[in-house]
Amino acid sequence: MAQLWGGRFTKETDQLVYNFNASISFDQKFFRQDINGSIAHATMLGKTGIITEEESKQIIEGLNSILKEVESGELEIGMQYEDIHSFVEATLIDRIGDTGKKLHTGRSRNDQVALDMRLYTRDEIDNIKELLIHLMQTLHNLMKENIHTYMPGFTHLQKAQPVTFAHHTGAYMEMFKRDYSRLCDIYERMNYCPLGAGALAGTTYPLDRDMTASLLGFNGPTLNSMDSVSDRDYIIELLSALSTICVHLSRFSEEIIIWNSNEYQFIELDDAYSTGSSIMPQKKNPDIAELVRGKAGRVYGALISILTTMKGIPLAYNKDMQEDKELTFDAIDTVKGCIALFDGMISTMKLNKENMQRSAMNGFTNATDAADYLVKNGVPFRDAHGIIGRLVLYAIEQNKAIDELSLDELKSISPVFEEDIYDAISLETCVNKRNTIGAPGPEAMSEVIKANEEFLNSIQ
Ligand code: ARG
């Protein structure tokens, strides 16, 4: 047991209590942020004369040597310490002696851990943004290549109207653009430095909080010391944003699984992104898509956990908040893995364009356009809807698509039909004439693709 306190205690901590309380096994994950936060604090203590410049220099050198050695693996983070803060401070004192004991002047582990967690999540938001940019680039490329790749669009998983693969992919592009902007918003809102809040009530030392905030790249210091040590809103927001990313990845994965099925065969996943069965030799399974779909549950769990943990905690710091770490780390690592793997999976999959097109041509996906044809020729829409309904029934009996019926057959249902009906309900017309912005027609798609290109250029 190595802990930073004990003066007022007459007994050793019970070993089980110690183990239950300790966080070193997981908070070592932010050793870098802990040391960098301490370097900023020591710099400020020196500059403000709270400790001497010489002491500040010694502390910073000591901290830098610890950082280097932990990074290179020369120095191992010992599990006998209560938490990462204790490990760093004890190692510093080991190295530079009594001067090391001055590092914690005007600081508490409460503001220290609040800082470390913010620095860590801030760094990870940047990492996740990078992964999202890469994924959006992959989607962008797929969109550019598939403006004319026809496929059925579905509602209720029933064929509805024809769209293109670019259009379908573009729907996810919009979702990931919003996910990206959510991360940017969260970053801005959380980017205030809690260091200097002390245990809860600030300190009597003349700390320069603006200086530490700016040394660590924050927009400024937080404005209420009690809030600073007990705010975990940014974690709730982040886990909510990560959960939303998971919703999107999971829905897309579900579609990949459907499209990759023997029944659909719209796509074929690359061998490198598929797995086999131990018993059925013919199997090639979409395990990665299934795992991405499944892991969403884990990330939602983290969001529910933190919300539940935070809901009844009185101000200010309480140990409950230590529970924020493992679940946040796990959610971040899970989402990073999901985005990267999903990206690789869709950039290597092959599209069976003929199957997609054939599927778009049956299932009466042009029924709405047939009704619109009648409307354009003077039939009120509600009547047209009824006529085409009867026409579809007739076509089902004949086992034919609408455009496979002869003009005489069409006329027997409505005399309004003329030869130009075939052109009006061809697959190309159904898609290519839909050119209001946001629709699948090639002109509309080209405009959106151009806007996406500009967006991607602006964030890279
Ligand atoms: N491991 C603790 C946490 O994660 C650090 C803060 C400890 N503060 C305290 N007063 N015990 O929240």
# chains A, B, ... in the order shown; residues from 1 in each chain; ligands from 1
$ residues_around --residues "Phe417 in chain A" --least-positions-apart "3" --cutoff "10 Å" --atoms "only C-alpha atoms" --output "short mmCIF file (atom, residue, chain, number, x, y, z; two decimals) with all heavy atoms, in the first residue's frame"
data_model
loop_
_atom_site.label_atom_id
_atom_site.label_comp_id
_atom_site.auth_asym_id
_atom_site.auth_seq_id
_atom_site.Cartn_x
_atom_site.Cartn_y
_atom_site.Cartn_z
N ALA A 370 -45.89 5.63 -61.73
CA ALA A 370 -47.03 5.32 -62.61
C ALA A 370 -48.24 6.16 -62.22
O ALA A 370 -48.95 6.71 -63.08
CB ALA A 370 -47.34 3.83 -62.55
N TYR A 373 -47.76 9.63 -63.35
CA TYR A 373 -48.01 9.73 -64.80
C TYR A 373 -49.47 10.06 -65.05
O TYR A 373 -49.82 10.93 -65.84
CB TYR A 373 -47.61 8.42 -65.48
CG TYR A 373 -48.02 8.32 -66.93
CD1 TYR A 373 -47.18 8.77 -67.95
CD2 TYR A 373 -49.27 7.77 -67.28
CE1 TYR A 373 -47.56 8.69 -69.28
CE2 TYR A 373 -49.66 7.69 -68.61
CZ TYR A 373 -48.80 8.15 -69.61
OH TYR A 373 -49.18 8.08 -70.92
N LEU A 374 -50.34 9.33 -64.34
CA LEU A 374 -51.79 9.58 -64.51
C LEU A 374 -52.13 10.99 -64.05
O LEU A 374 -52.91 11.69 -64.69
CB LEU A 374 -52.60 8.54 -63.72
CG LEU A 374 -52.49 7.09 -64.20
CD1 LEU A 374 -53.27 6.15 -63.28
CD2 LEU A 374 -52.98 6.94 -65.65
N ASN A 377 -51.49 13.51 -66.42
CA ASN A 377 -52.45 13.46 -67.52
C ASN A 377 -53.89 13.71 -67.06
O ASN A 377 -54.84 13.23 -67.67
CB ASN A 377 -52.33 12.11 -68.26
CG ASN A 377 -51.05 12.06 -69.09
OD1 ASN A 377 -50.95 12.70 -70.14
ND2 ASN A 377 -50.04 11.35 -68.59
N LEU A 407 -49.44 -2.29 -73.74
CA LEU A 407 -50.24 -1.06 -73.66
C LEU A 407 -51.74 -1.39 -73.59
O LEU A 407 -52.48 -0.74 -72.86
CB LEU A 407 -49.94 -0.15 -74.87
CG LEU A 407 -50.53 1.26 -74.79
CD1 LEU A 407 -50.12 1.98 -73.52
CD2 LEU A 407 -50.13 2.08 -76.03
N ASP A 408 -52.14 -2.46 -74.29
CA ASP A 408 -53.56 -2.86 -74.24
C ASP A 408 -53.96 -3.26 -72.82
O ASP A 408 -55.02 -2.89 -72.34
CB ASP A 408 -53.82 -4.04 -75.18
CG ASP A 408 -53.90 -3.57 -76.63
OD1 ASP A 408 -54.02 -2.33 -76.81
OD2 ASP A 408 -53.83 -4.42 -77.53
N GLU A 409 -53.06 -4.03 -72.19
CA GLU A 409 -53.36 -4.42 -70.81
C GLU A 409 -53.46 -3.19 -69.91
O GLU A 409 -54.36 -3.07 -69.08
CB GLU A 409 -52.26 -5.36 -70.27
CG GLU A 409 -52.33 -6.77 -70.83
CD GLU A 409 -51.13 -7.62 -70.39
OE1 GLU A 409 -49.98 -7.24 -70.72
OE2 GLU A 409 -51.33 -8.63 -69.71
N LEU A 410 -52.53 -2.25 -70.12
CA LEU A 410 -52.54 -1.02 -69.31
C LEU A 410 -53.83 -0.24 -69.56
O LEU A 410 -54.49 0.22 -68.62
CB LEU A 410 -51.32 -0.14 -69.64
CG LEU A 410 -49.96 -0.71 -69.23
CD1 LEU A 410 -48.83 0.18 -69.76
CD2 LEU A 410 -49.85 -0.83 -67.71
N LYS A 411 -54.19 -0.15 -70.84
CA LYS A 411 -55.39 0.63 -71.19
C LYS A 411 -56.65 -0.01 -70.63
O LYS A 411 -57.64 0.69 -70.36
CB LYS A 411 -55.48 0.77 -72.72
CG LYS A 411 -54.67 1.96 -73.26
CD LYS A 411 -54.94 2.12 -74.74
CE LYS A 411 -54.27 3.32 -75.37
NZ LYS A 411 -54.69 4.59 -74.80
N SER A 412 -56.62 -1.35 -70.50
CA SER A 412 -57.81 -2.01 -69.96
C SER A 412 -58.05 -1.58 -68.50
O SER A 412 -59.17 -1.67 -68.00
CB SER A 412 -57.67 -3.54 -70.05
OG SER A 412 -56.74 -3.99 -69.10
N ILE A 413 -57.01 -1.13 -67.85
CA ILE A 413 -57.17 -0.64 -66.47
C ILE A 413 -57.48 0.85 -66.46
O ILE A 413 -58.30 1.34 -65.70
CB ILE A 413 -55.89 -0.92 -65.64
CG1 ILE A 413 -55.50 -2.39 -65.73
CG2 ILE A 413 -56.03 -0.41 -64.20
CD1 ILE A 413 -55.83 -3.27 -64.58
N SER A 414 -56.79 1.62 -67.36
CA SER A 414 -57.11 3.04 -67.50
C SER A 414 -56.81 3.48 -68.93
O SER A 414 -55.68 3.28 -69.41
CB SER A 414 -56.28 3.89 -66.53
OG SER A 414 -56.39 5.25 -66.90
N ASP A 420 -46.03 6.61 -74.01
CA ASP A 420 -44.97 7.26 -73.23
C ASP A 420 -44.92 6.82 -71.76
O ASP A 420 -44.05 7.21 -71.01
CB ASP A 420 -45.09 8.80 -73.31
CG ASP A 420 -46.44 9.29 -72.80
OD1 ASP A 420 -47.33 8.45 -72.56
OD2 ASP A 420 -46.59 10.53 -72.64
N ILE A 421 -45.87 5.96 -71.36
CA ILE A 421 -45.85 5.46 -69.98
C ILE A 421 -44.55 4.69 -69.70
O ILE A 421 -43.96 4.78 -68.63
CB ILE A 421 -47.09 4.57 -69.66
CG1 ILE A 421 -47.00 3.95 -68.23
CG2 ILE A 421 -47.26 3.46 -70.65
CD1 ILE A 421 -47.03 4.92 -67.11
N TYR A 422 -44.09 3.93 -70.72
CA TYR A 422 -42.91 3.08 -70.49
C TYR A 422 -41.68 3.91 -70.12
O TYR A 422 -40.90 3.55 -69.22
CB TYR A 422 -42.64 2.19 -71.70
CG TYR A 422 -43.78 1.22 -71.93
CD1 TYR A 422 -44.70 1.41 -72.96
CD2 TYR A 422 -43.94 0.12 -71.07
CE1 TYR A 422 -45.76 0.53 -73.14
CE2 TYR A 422 -45.01 -0.75 -71.25
CZ TYR A 422 -45.92 -0.55 -72.28
OH TYR A 422 -46.96 -1.41 -72.42
#
$ residues_around --residues "Asn110 in chain A" --least-positions-apart "5" --cutoff "7 Å" --atoms "only C-alpha atoms" --output "VMD selection string"
chain A and resid 198 to 199 229 317
$ write_last_selection --atoms "N, CA and C atoms" --output "PDB file, in the first residue's frame"
ATOM      1  N   GLY A 198      -8.894  23.317  -6.397  1.00  0.00           N
ATOM      2  CA  GLY A 198      -8.555  22.694  -5.122  1.00  0.00           C
ATOM      3  C   GLY A 198      -9.513  21.562  -4.805  1.00  0.00           C
ATOM      4  N   ALA A 199      -9.726  21.320  -3.519  1.00  0.00           N
ATOM      5  CA  ALA A 199     -10.614  20.221  -3.127  1.00  0.00           C
ATOM      6  C   ALA A 199     -12.048  20.555  -3.517  1.00  0.00           C
ATOM      7  N   VAL A 229     -14.898  20.527  -9.678  1.00  0.00           N
ATOM      8  CA  VAL A 229     -14.491  19.197  -9.204  1.00  0.00           C
ATOM      9  C   VAL A 229     -15.623  18.169  -9.279  1.00  0.00           C
ATOM     10  N   TYR A 317     -17.058  17.056  -4.682  1.00  0.00           N
ATOM     11  CA  TYR A 317     -16.508  15.759  -5.072  1.00  0.00           C
ATOM     12  C   TYR A 317     -17.024  14.635  -4.179  1.00  0.00           C
TER      13      TYR A 317
END
$ atom_distance --atom1 "CA of Tyr234 in chain A" --atom2 "CA of Thr334 in chain A"
18.3 Å
$ residues_around --residues "range 243-249 of chain A" --least-positions-apart "6" --cutoff "10 Å" --atoms "only C-alpha atoms" --output "PyMOL selection string"
chain A and resi 132+172-173+175-176+178-180+182+237+255+289+292-303+331+334-335+338-339+342-343
$ residues_near_ligand --ligand "ligand 1" --cutoff "6 Å" --atoms "only C-alpha atoms and all ligand atoms" --output "PyMOL selection string"
chain A and resi 23+83+109-110+113+319+321-322
$ write_last_selection --atoms "N, CA, C and O atoms" --output "JSON list (two decimals), in the first residue's frame"
[["chain", "number", "residue", "atom", "x", "y", "z"],
["A", 23, "SER", "N", -7.51, 3.00, -7.65],
["A", 23, "SER", "CA", -7.88, 3.18, -9.06],
["A", 23, "SER", "C", -6.70, 3.04, -10.01],
["A", 23, "SER", "O", -6.82, 3.24, -11.21],
["A", 83, "ASP", "N", -3.33, 5.38, -6.71],
["A", 83, "ASP", "CA", -3.80, 5.90, -8.00],
["A", 83, "ASP", "C", -2.61, 6.48, -8.76],
["A", 83, "ASP", "O", -1.49, 6.53, -8.23],
["A", 109, "ARG", "N", -6.34, 16.26, -5.19],
["A", 109, "ARG", "CA", -6.56, 15.24, -6.24],
["A", 109, "ARG", "C", -7.91, 15.45, -6.91],
["A", 109, "ARG", "O", -8.13, 14.95, -7.99],
["A", 110, "ASN", "N", -8.77, 16.19, -6.24],
["A", 110, "ASN", "CA", -10.10, 16.42, -6.84],
["A", 110, "ASN", "C", -10.00, 17.27, -8.11],
["A", 110, "ASN", "O", -10.61, 16.94, -9.14],
["A", 113, "VAL", "N", -7.73, 15.19, -10.73],
["A", 113, "VAL", "CA", -8.37, 14.13, -11.51],
["A", 113, "VAL", "C", -9.39, 14.73, -12.49],
["A", 113, "VAL", "O", -9.55, 14.24, -13.63],
["A", 319, "LYS", "N", -16.59, 10.12, -4.05],
["A", 319, "LYS", "CA", -15.81, 9.04, -4.66],
["A", 319, "LYS", "C", -16.59, 8.28, -5.74],
["A", 319, "LYS", "O", -16.00, 7.63, -6.59],
["A", 321, "MET", "N", -17.61, 9.33, -8.24],
["A", 321, "MET", "CA", -17.20, 9.83, -9.56],
["A", 321, "MET", "C", -16.01, 9.08, -10.15],
["A", 321, "MET", "O", -15.75, 9.16, -11.34],
["A", 322, "GLN", "N", -15.29, 8.34, -9.28],
["A", 322, "GLN", "CA", -14.21, 7.51, -9.79],
["A", 322, "GLN", "C", -14.74, 6.48, -10.78],
["A", 322, "GLN", "O", -14.00, 5.98, -11.64]]
